[in-house]
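What follows is final_1.cif (mmCIF, C-alpha atoms and all ligand atoms).
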```cif
data_protein
loop_
_atom_site.label_atom_id
_atom_site.label_comp_id
_atom_site.auth_asym_id
_atom_site.auth_seq_id
_atom_site.Cartn_x
_atom_site.Cartn_y
_atom_site.Cartn_z
CA MET F 1 75.90 -10.11 18.45
CA ALA F 2 75.92 -8.71 21.93
CA ALA F 3 79.29 -10.05 23.08
CA ASP F 4 80.62 -6.50 23.10
CA ASN F 5 77.64 -5.27 25.07
CA PHE F 6 77.93 -4.08 28.63
CA GLN F 7 75.83 -5.17 31.57
CA SER F 8 72.32 -3.83 32.15
CA ASN F 9 73.22 -0.66 34.07
CA MET F 10 71.95 2.83 33.27
CA VAL F 11 72.83 6.44 34.01
CA LEU F 12 70.01 8.86 34.77
CA GLU F 13 71.06 12.46 34.31
CA THR F 14 69.11 15.55 35.27
CA THR F 15 69.96 19.23 35.42
CA PRO F 16 67.94 20.91 38.14
CA SER F 17 66.89 24.43 37.12
CA GLY F 18 69.43 27.14 37.95
CA ASP F 19 72.15 24.53 38.24
CA GLU F 20 74.24 24.02 35.14
CA GLN F 21 75.97 20.92 36.52
CA PRO F 22 74.05 17.75 35.70
CA LYS F 23 73.34 15.38 38.57
CA ARG F 24 73.75 11.70 37.89
CA LEU F 25 72.16 8.59 39.34
CA LEU F 26 73.78 5.29 38.39
CA ILE F 27 71.16 2.57 38.24
CA ASP F 28 73.04 -0.59 39.17
CA CYS F 29 76.82 -0.83 39.17
CA GLY F 30 77.97 -4.14 37.73
CA SER F 31 81.46 -5.50 37.28
CA ASP F 32 81.66 -3.87 33.81
CA ALA F 33 81.07 -0.39 35.25
CA ARG F 34 84.70 0.75 35.19
CA HIS F 35 84.82 0.25 31.42
CA SER F 36 81.24 1.16 30.49
CA LEU F 37 81.39 4.44 32.43
CA ARG F 38 84.75 5.31 30.94
CA LYS F 39 83.20 4.94 27.47
CA LEU F 40 80.56 7.45 28.56
CA GLY F 41 83.24 9.79 29.87
CA CYS F 42 82.12 9.36 33.48
CA MET F 43 84.31 8.84 36.53
CA PRO F 44 83.11 7.50 39.90
CA ASN F 45 82.97 11.01 41.33
CA ASP F 46 80.59 12.16 38.57
CA PHE F 47 77.71 10.54 40.44
CA GLU F 48 75.60 11.81 43.29
CA ALA F 49 73.90 8.48 43.83
CA VAL F 50 73.78 4.82 42.89
CA TYR F 51 70.63 2.71 43.03
CA ILE F 52 70.97 -1.06 43.51
CA SER F 53 68.15 -3.32 42.32
CA HIS F 54 69.49 -6.69 43.50
CA LEU F 55 72.67 -8.51 44.44
CA HIS F 56 73.84 -10.24 41.24
CA SER F 57 77.35 -9.17 40.30
CA ASP F 58 76.27 -7.61 37.00
CA HIS F 59 74.39 -5.12 39.24
CA ILE F 60 76.74 -4.72 42.20
CA GLY F 61 80.16 -5.99 41.07
CA GLY F 62 81.46 -2.47 40.41
CA LEU F 63 80.66 -1.10 43.86
CA GLU F 64 84.03 -2.03 45.37
CA TRP F 65 85.81 -0.15 42.60
CA MET F 66 83.50 2.84 42.97
CA ALA F 67 83.95 2.88 46.75
CA LEU F 68 87.74 2.64 46.69
CA ALA F 69 88.20 5.06 43.79
CA ASN F 70 86.06 7.71 45.46
CA TYR F 71 87.64 7.12 48.85
CA PHE F 72 91.27 7.19 47.79
CA ILE F 73 91.46 8.98 44.44
CA PHE F 74 88.59 11.45 44.48
CA ASP F 75 89.11 12.98 47.92
CA GLY F 76 86.50 10.91 49.67
CA HIS F 77 83.69 11.88 47.27
CA ARG F 78 80.48 10.59 48.83
CA VAL F 79 77.79 8.88 46.80
CA ASP F 80 74.32 8.07 48.10
CA LEU F 81 73.79 4.32 47.94
CA ILE F 82 70.04 3.86 47.56
CA THR F 83 68.62 0.38 47.94
CA ALA F 84 65.92 -1.66 49.63
CA ARG F 85 66.59 -1.99 53.34
CA GLU F 86 66.59 -5.80 53.18
CA LEU F 87 69.54 -5.79 50.72
CA ILE F 88 71.93 -3.71 52.79
CA GLU F 89 73.16 -6.34 55.23
CA PRO F 90 73.65 -9.09 52.61
CA LEU F 91 75.26 -6.57 50.25
CA TRP F 92 77.90 -5.87 52.87
CA GLU F 93 78.23 -9.26 54.54
CA HIS F 94 78.06 -11.48 51.45
CA SER F 95 79.50 -9.30 48.72
CA LEU F 96 81.54 -6.27 49.72
CA ARG F 97 83.00 -6.79 53.18
CA GLY F 98 85.93 -8.95 52.04
CA GLY F 99 87.30 -6.21 49.83
CA LEU F 100 86.27 -3.10 51.71
CA GLU F 101 86.50 -3.79 55.43
CA THR F 102 90.22 -3.03 55.56
CA SER F 103 91.18 0.19 53.83
CA ASP F 104 93.23 2.79 55.68
CA HIS F 105 91.75 1.41 58.86
CA GLY F 106 90.59 -2.07 59.72
CA ASN F 107 86.95 -1.68 60.53
CA SER F 108 85.37 0.08 57.59
CA THR F 109 81.69 -0.42 56.92
CA LEU F 110 79.43 0.42 53.99
CA SER F 111 78.93 3.84 55.57
CA SER F 112 82.68 4.50 55.42
CA TYR F 113 82.30 4.81 51.66
CA PHE F 114 78.66 5.61 50.90
CA ASP F 115 75.80 7.59 52.38
CA VAL F 116 73.47 4.63 52.69
CA ILE F 117 69.78 5.30 52.07
CA ALA F 118 67.69 2.31 53.17
CA LEU F 119 64.39 2.16 51.31
CA GLU F 120 61.11 0.75 52.34
CA PRO F 121 60.04 -0.33 48.84
CA GLU F 122 56.42 0.63 49.43
CA ASP F 123 57.49 4.23 50.11
CA GLY F 124 59.61 4.62 46.97
CA PHE F 125 62.04 7.51 46.97
CA GLU F 126 62.71 10.91 45.53
CA TRP F 127 65.93 11.96 43.84
CA GLN F 128 66.60 15.48 42.54
CA GLY F 129 62.89 16.18 42.47
CA LEU F 130 62.08 13.00 40.51
CA LYS F 131 59.82 10.43 42.12
CA PHE F 132 60.44 6.71 41.93
CA ASP F 133 58.17 3.85 42.86
CA VAL F 134 60.05 0.71 43.86
CA ILE F 135 58.47 -2.52 42.70
CA PRO F 136 59.62 -5.90 44.03
CA ALA F 137 59.79 -8.07 40.91
CA ALA F 138 60.25 -11.83 41.14
CA HIS F 139 63.61 -12.62 39.55
CA VAL F 140 64.81 -16.05 40.72
CA VAL F 141 62.02 -18.34 41.85
CA THR F 142 62.97 -21.60 43.58
CA GLU F 143 61.12 -24.01 45.84
CA GLU F 144 62.91 -22.60 48.88
CA LYS F 145 62.65 -18.91 48.21
CA THR F 146 62.07 -16.17 45.69
CA MET F 147 64.77 -13.61 45.00
CA PHE F 148 63.35 -10.24 44.10
CA SER F 149 64.85 -7.49 42.05
CA PHE F 150 63.56 -4.05 42.91
CA ALA F 151 62.30 -2.60 39.65
CA LEU F 152 61.70 1.13 39.22
CA PHE F 153 58.79 3.15 37.99
CA GLY F 154 60.15 6.66 37.48
CA HIS F 155 58.25 9.89 37.11
CA ALA F 156 60.49 12.13 35.01
CA LYS F 157 59.49 15.68 34.13
CA ASP F 158 57.39 14.84 31.09
CA LYS F 159 57.48 11.08 30.84
CA SER F 160 57.10 8.14 33.14
CA PHE F 161 59.15 5.02 32.66
CA PHE F 162 59.14 1.45 33.90
CA LEU F 163 62.53 -0.23 34.27
CA THR F 164 62.20 -3.94 35.01
CA THR F 165 65.85 -4.38 36.07
CA ASP F 166 65.98 -8.23 36.09
CA ALA F 167 62.66 -10.03 36.31
CA ILE F 168 60.81 -13.13 35.20
CA PHE F 169 58.05 -12.76 32.63
CA ASP F 170 55.19 -11.82 34.92
CA PRO F 171 52.52 -10.06 32.86
CA ASP F 172 49.90 -10.16 35.65
CA ALA F 173 52.19 -8.33 38.06
CA HIS F 174 53.72 -5.96 35.51
CA MET F 175 50.72 -5.07 33.35
CA PRO F 176 49.62 -2.07 35.46
CA PHE F 177 53.10 -0.58 35.06
CA TYR F 178 53.32 -1.53 31.38
CA LYS F 179 50.01 0.23 30.82
CA LYS F 180 50.71 3.48 32.63
CA ALA F 181 54.35 3.97 31.58
CA ASP F 182 55.18 6.23 28.66
CA ILE F 183 58.29 4.18 27.99
CA ILE F 184 59.27 0.68 29.14
CA PHE F 185 62.82 -0.59 29.54
CA GLN F 186 62.50 -4.37 29.63
CA ASP F 187 65.14 -7.02 30.25
CA CYS F 188 64.91 -9.62 27.55
CA GLU F 189 66.62 -12.97 27.36
CA LEU F 190 67.57 -14.41 24.00
CA GLY F 191 68.78 -17.76 22.80
CA PRO F 192 67.51 -21.31 22.96
CA ARG F 193 68.34 -22.05 26.59
CA ARG F 194 65.89 -20.41 28.96
CA SER F 195 67.32 -19.51 32.34
CA GLY F 196 63.83 -18.94 33.72
CA VAL F 197 64.99 -15.83 35.57
CA HIS F 198 64.45 -13.27 32.80
CA ALA F 199 61.58 -12.58 30.47
CA HIS F 200 62.38 -14.35 27.22
CA TYR F 201 61.84 -12.71 23.85
CA ASP F 202 59.38 -15.45 22.90
CA GLN F 203 57.26 -14.52 25.91
CA LEU F 204 57.50 -10.76 25.47
CA VAL F 205 56.39 -11.03 21.87
CA THR F 206 52.99 -12.23 23.13
CA LEU F 207 52.30 -8.93 24.94
CA PRO F 208 49.60 -6.60 23.59
CA ALA F 209 50.66 -4.42 20.67
CA GLU F 210 50.14 -1.18 22.62
CA VAL F 211 52.59 -2.39 25.30
CA LYS F 212 55.23 -3.52 22.79
CA ALA F 213 54.93 -0.20 20.95
CA LYS F 214 56.53 1.60 23.91
CA MET F 215 58.92 -1.16 24.99
CA TRP F 216 62.70 -1.06 24.56
CA LEU F 217 64.52 -4.35 25.15
CA TYR F 218 67.90 -4.86 26.77
CA HIS F 219 70.23 -7.67 27.72
CA TYR F 220 73.82 -8.55 27.14
CA GLN F 221 73.89 -12.17 26.08
CA ALA F 222 75.84 -12.95 22.93
CA TYR F 223 73.03 -14.09 20.69
CA ASP F 224 71.84 -12.78 17.37
CA LYS F 225 68.94 -10.41 17.91
CA PRO F 226 65.59 -10.97 16.27
CA ASP F 227 63.99 -8.12 14.32
CA ALA F 228 62.25 -6.57 17.33
CA LYS F 229 60.82 -3.67 15.35
CA ALA F 230 59.13 -6.08 12.96
CA ASP F 231 57.59 -7.77 16.02
CA GLY F 232 56.15 -4.47 17.26
CA PHE F 233 58.77 -3.43 19.84
CA CYS F 234 60.71 -0.16 19.80
CA GLY F 235 63.88 -2.21 19.40
CA PHE F 236 66.92 -3.41 21.33
CA ILE F 237 68.89 -0.82 23.30
CA SER F 238 72.49 -0.50 22.19
CA PRO F 239 75.43 0.51 24.44
CA GLU F 240 75.59 4.27 25.11
CA GLN F 241 72.10 4.82 23.69
CA SER F 242 70.37 7.68 25.46
CA PHE F 243 66.72 8.60 25.94
CA ASP F 244 65.23 12.02 26.54
CA LEU F 245 62.70 11.70 29.35
CA GLY F 246 61.80 15.39 29.33
ZN ZN F 301 69.93 -10.67 38.16
ZN ZN F 302 71.40 -8.89 35.54
#
```

Here is a file; write its structure as structure tokens.
Amino acid sequence: MAADNFQSNMVLETTPSGDEQPKRLLIDCGSDARHSLRKLGCMPNDFEAVYISHLHSDHIGGLEWMALANYFIFDGHRVDLITARELIEPLWEHSLRGGLETSDHGNSTLSSYFDVIALEPEDGFEWQGLKFDVIPAAHVVTEEKTMFSFALFGHAKDKSFFLTTDAIFDPDAHMPFYKKADIIFQDCELGPRRSGVHAHYDQLVTLPAEVKAKMWLYHYQAYDKPDAKADGFCGFISPEQSFDLG
């Protein structure tokens, strides 16, 4: 069961040569982050940067805690907040402003807490010498509009990886990234009720064998997991599992 699982957030750690202190990028900061990071032994000031893929609370709900903890407890430690330009205003206006506008003065903004880096997705970004492509992935598709999550294709030292963040099953759009990645981190919905906003296990199992053979699945719903290895996947990611990307 996955009821004790944390939300789909990841820590990317790199140690630039000649620098013995690892640098950390938090990829999404959901409302579980205070507890999940504590289990990893990380505090909010252990991060140089946080990347936000989209505005669901399991990806942004920990930002208020991170902002206030760094501002008041960790001597104003500054974290780069890296996200697509189009998310910045709604992130502040619709999600964070209520809790963060009034701190030790009454007109705080996102920049009072974070060094905001607004991305043009087509340009990607670089962090600690690692290159990232940013891929708008359809996540919630309605008649009125489509909500995208900004997936990542990362070029680590030896390996490339594709991280879907949250996305519908969209093999046409994702196949080029599935094919060229050395390792795939794929969100995977389980259970009988399909939300329609994540790839479901029953869909992912139809992917070509060579794609599944490098695909790790993640999600945090409390359903029994199928035997993913028997179906050709690498398996389901468990909390605190780490991967060496070279
Ligand atoms: Zn989502
Ligand atoms: Zn999510």

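Separating CA of Lys214 (chain F) from CA of Ile183 (chain F) is a distance of 5.1 Å.
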
Practice task
Extract, using all atoms listed in the file, all DNA, RNA and protein residues at most 12 Å from Ile27 (chain F), discarding same-chain residues fewer than 2 positions from it, and format them as a ChimeraX atom specification.
Solution key: /F:7-13,24-25,29-30,33,37,47-54,58-60,62-63,80-83,150-152,154,163-165

How would you report the residues lying within 7 Å of ligand ZN 301 (chain F), as a short mmCIF file (atom, residue, chain, number, x, y, z; two decimals) with C-alpha atoms, in the coordinates of the input, if you count all atoms listed in the file?
```cif
data_model
loop_
_atom_site.label_atom_id
_atom_site.label_comp_id
_atom_site.auth_asym_id
_atom_site.auth_seq_id
_atom_site.Cartn_x
_atom_site.Cartn_y
_atom_site.Cartn_z
CA HIS F 54 69.49 -6.69 43.50
CA HIS F 56 73.84 -10.24 41.24
CA HIS F 139 63.61 -12.62 39.55
CA ASP F 166 65.98 -8.23 36.09
#
```

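The space separating CA of Asp224 (chain F) from CA of Phe236 (chain F) comes to 11.3 Å.
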
Practice task
Between F:Val79, F:Ala84, F:Leu245, F:Ala118, single out the one closest to Ser160 (chain F), counting only C-alpha atoms.
Solution key: F:Leu245

Handout entry: Shell of 12 Å around Gly98 (chain F), only C-alpha atoms, local chain residues under 3 positions omitted, as a PyMOL selection string
Key = chain F and resi 64+91-95+101-103+106-110

Completion exercise
Min atom-atom distance to ligand ZN 302 (chain F) from the set F:Phe114, F:Trp127, F:Tyr218, F:Phe153, counting all atoms listed in the file, belongs to F:Tyr218

With N, CA, C and O atoms as the goal, would you fill in the gaps in region 228-244 of chain F and present it as a PDB file, in the coordinates of the input?
```pdb
ATOM      1  N   ALA F 228      63.248  -6.967  16.323  1.00  0.00           N
ATOM      2  CA  ALA F 228      62.250  -6.570  17.330  1.00  0.00           C
ATOM      3  C   ALA F 228      61.265  -5.547  16.772  1.00  0.00           C
ATOM      4  O   ALA F 228      60.091  -5.551  17.146  1.00  0.00           O
ATOM      5  N   LYS F 229      61.741  -4.682  15.914  1.00  0.00           N
ATOM      6  CA  LYS F 229      60.820  -3.670  15.350  1.00  0.00           C
ATOM      7  C   LYS F 229      59.734  -4.350  14.526  1.00  0.00           C
ATOM      8  O   LYS F 229      58.567  -3.961  14.601  1.00  0.00           O
ATOM      9  N   ALA F 230      60.122  -5.358  13.771  1.00  0.00           N
ATOM     10  CA  ALA F 230      59.130  -6.080  12.960  1.00  0.00           C
ATOM     11  C   ALA F 230      58.098  -6.764  13.852  1.00  0.00           C
ATOM     12  O   ALA F 230      56.945  -6.965  13.451  1.00  0.00           O
ATOM     13  N   ASP F 231      58.508  -7.126  15.077  1.00  0.00           N
ATOM     14  CA  ASP F 231      57.590  -7.770  16.020  1.00  0.00           C
ATOM     15  C   ASP F 231      56.821  -6.756  16.870  1.00  0.00           C
ATOM     16  O   ASP F 231      56.134  -7.139  17.823  1.00  0.00           O
ATOM     17  N   GLY F 232      56.978  -5.478  16.594  1.00  0.00           N
ATOM     18  CA  GLY F 232      56.150  -4.470  17.260  1.00  0.00           C
ATOM     19  C   GLY F 232      56.803  -3.752  18.422  1.00  0.00           C
ATOM     20  O   GLY F 232      56.183  -2.878  19.034  1.00  0.00           O
ATOM     21  N   PHE F 233      58.055  -4.129  18.759  1.00  0.00           N
ATOM     22  CA  PHE F 233      58.770  -3.430  19.840  1.00  0.00           C
ATOM     23  C   PHE F 233      59.422  -2.165  19.297  1.00  0.00           C
ATOM     24  O   PHE F 233      59.574  -1.981  18.084  1.00  0.00           O
ATOM     25  N   CYS F 234      59.908  -1.321  20.225  1.00  0.00           N
ATOM     26  CA  CYS F 234      60.710  -0.160  19.800  1.00  0.00           C
ATOM     27  C   CYS F 234      62.065  -0.612  19.283  1.00  0.00           C
ATOM     28  O   CYS F 234      62.644   0.025  18.413  1.00  0.00           O
ATOM     29  N   GLY F 235      62.590  -1.692  19.849  1.00  0.00           N
ATOM     30  CA  GLY F 235      63.880  -2.210  19.400  1.00  0.00           C
ATOM     31  C   GLY F 235      64.723  -2.656  20.586  1.00  0.00           C
ATOM     32  O   GLY F 235      64.259  -2.636  21.734  1.00  0.00           O
ATOM     33  N   PHE F 236      65.953  -3.075  20.287  1.00  0.00           N
ATOM     34  CA  PHE F 236      66.920  -3.410  21.330  1.00  0.00           C
ATOM     35  C   PHE F 236      67.772  -2.172  21.632  1.00  0.00           C
ATOM     36  O   PHE F 236      68.195  -1.461  20.711  1.00  0.00           O
ATOM     37  N   ILE F 237      68.035  -1.945  22.900  1.00  0.00           N
ATOM     38  CA  ILE F 237      68.890  -0.820  23.300  1.00  0.00           C
ATOM     39  C   ILE F 237      70.338  -1.193  23.010  1.00  0.00           C
ATOM     40  O   ILE F 237      70.771  -2.317  23.285  1.00  0.00           O
ATOM     41  N   SER F 238      71.073  -0.250  22.439  1.00  0.00           N
ATOM     42  CA  SER F 238      72.490  -0.500  22.190  1.00  0.00           C
ATOM     43  C   SER F 238      73.326   0.257  23.231  1.00  0.00           C
ATOM     44  O   SER F 238      72.840   1.200  23.861  1.00  0.00           O
ATOM     45  N   PRO F 239      74.586  -0.167  23.435  1.00  0.00           N
ATOM     46  CA  PRO F 239      75.430   0.510  24.440  1.00  0.00           C
ATOM     47  C   PRO F 239      75.503   2.005  24.154  1.00  0.00           C
ATOM     48  O   PRO F 239      75.561   2.413  22.993  1.00  0.00           O
ATOM     49  N   GLU F 240      75.479   2.802  25.178  1.00  0.00           N
ATOM     50  CA  GLU F 240      75.590   4.270  25.110  1.00  0.00           C
ATOM     51  C   GLU F 240      74.354   4.941  24.524  1.00  0.00           C
ATOM     52  O   GLU F 240      74.351   6.151  24.342  1.00  0.00           O
ATOM     53  N   GLN F 241      73.329   4.168  24.192  1.00  0.00           N
ATOM     54  CA  GLN F 241      72.100   4.820  23.690  1.00  0.00           C
ATOM     55  C   GLN F 241      71.484   5.669  24.795  1.00  0.00           C
ATOM     56  O   GLN F 241      71.484   5.274  25.966  1.00  0.00           O
ATOM     57  N   SER F 242      70.971   6.827  24.427  1.00  0.00           N
ATOM     58  CA  SER F 242      70.370   7.680  25.460  1.00  0.00           C
ATOM     59  C   SER F 242      68.925   8.006  25.090  1.00  0.00           C
ATOM     60  O   SER F 242      68.530   7.944  23.921  1.00  0.00           O
ATOM     61  N   PHE F 243      68.155   8.323  26.095  1.00  0.00           N
ATOM     62  CA  PHE F 243      66.720   8.600  25.940  1.00  0.00           C
ATOM     63  C   PHE F 243      66.424   9.922  26.629  1.00  0.00           C
ATOM     64  O   PHE F 243      66.872  10.151  27.745  1.00  0.00           O
ATOM     65  N   ASP F 244      65.649  10.754  25.953  1.00  0.00           N
ATOM     66  CA  ASP F 244      65.230  12.020  26.540  1.00  0.00           C
ATOM     67  C   ASP F 244      63.895  11.806  27.247  1.00  0.00           C
ATOM     68  O   ASP F 244      62.893  11.509  26.604  1.00  0.00           O
TER      69      ASP F 244
END
```
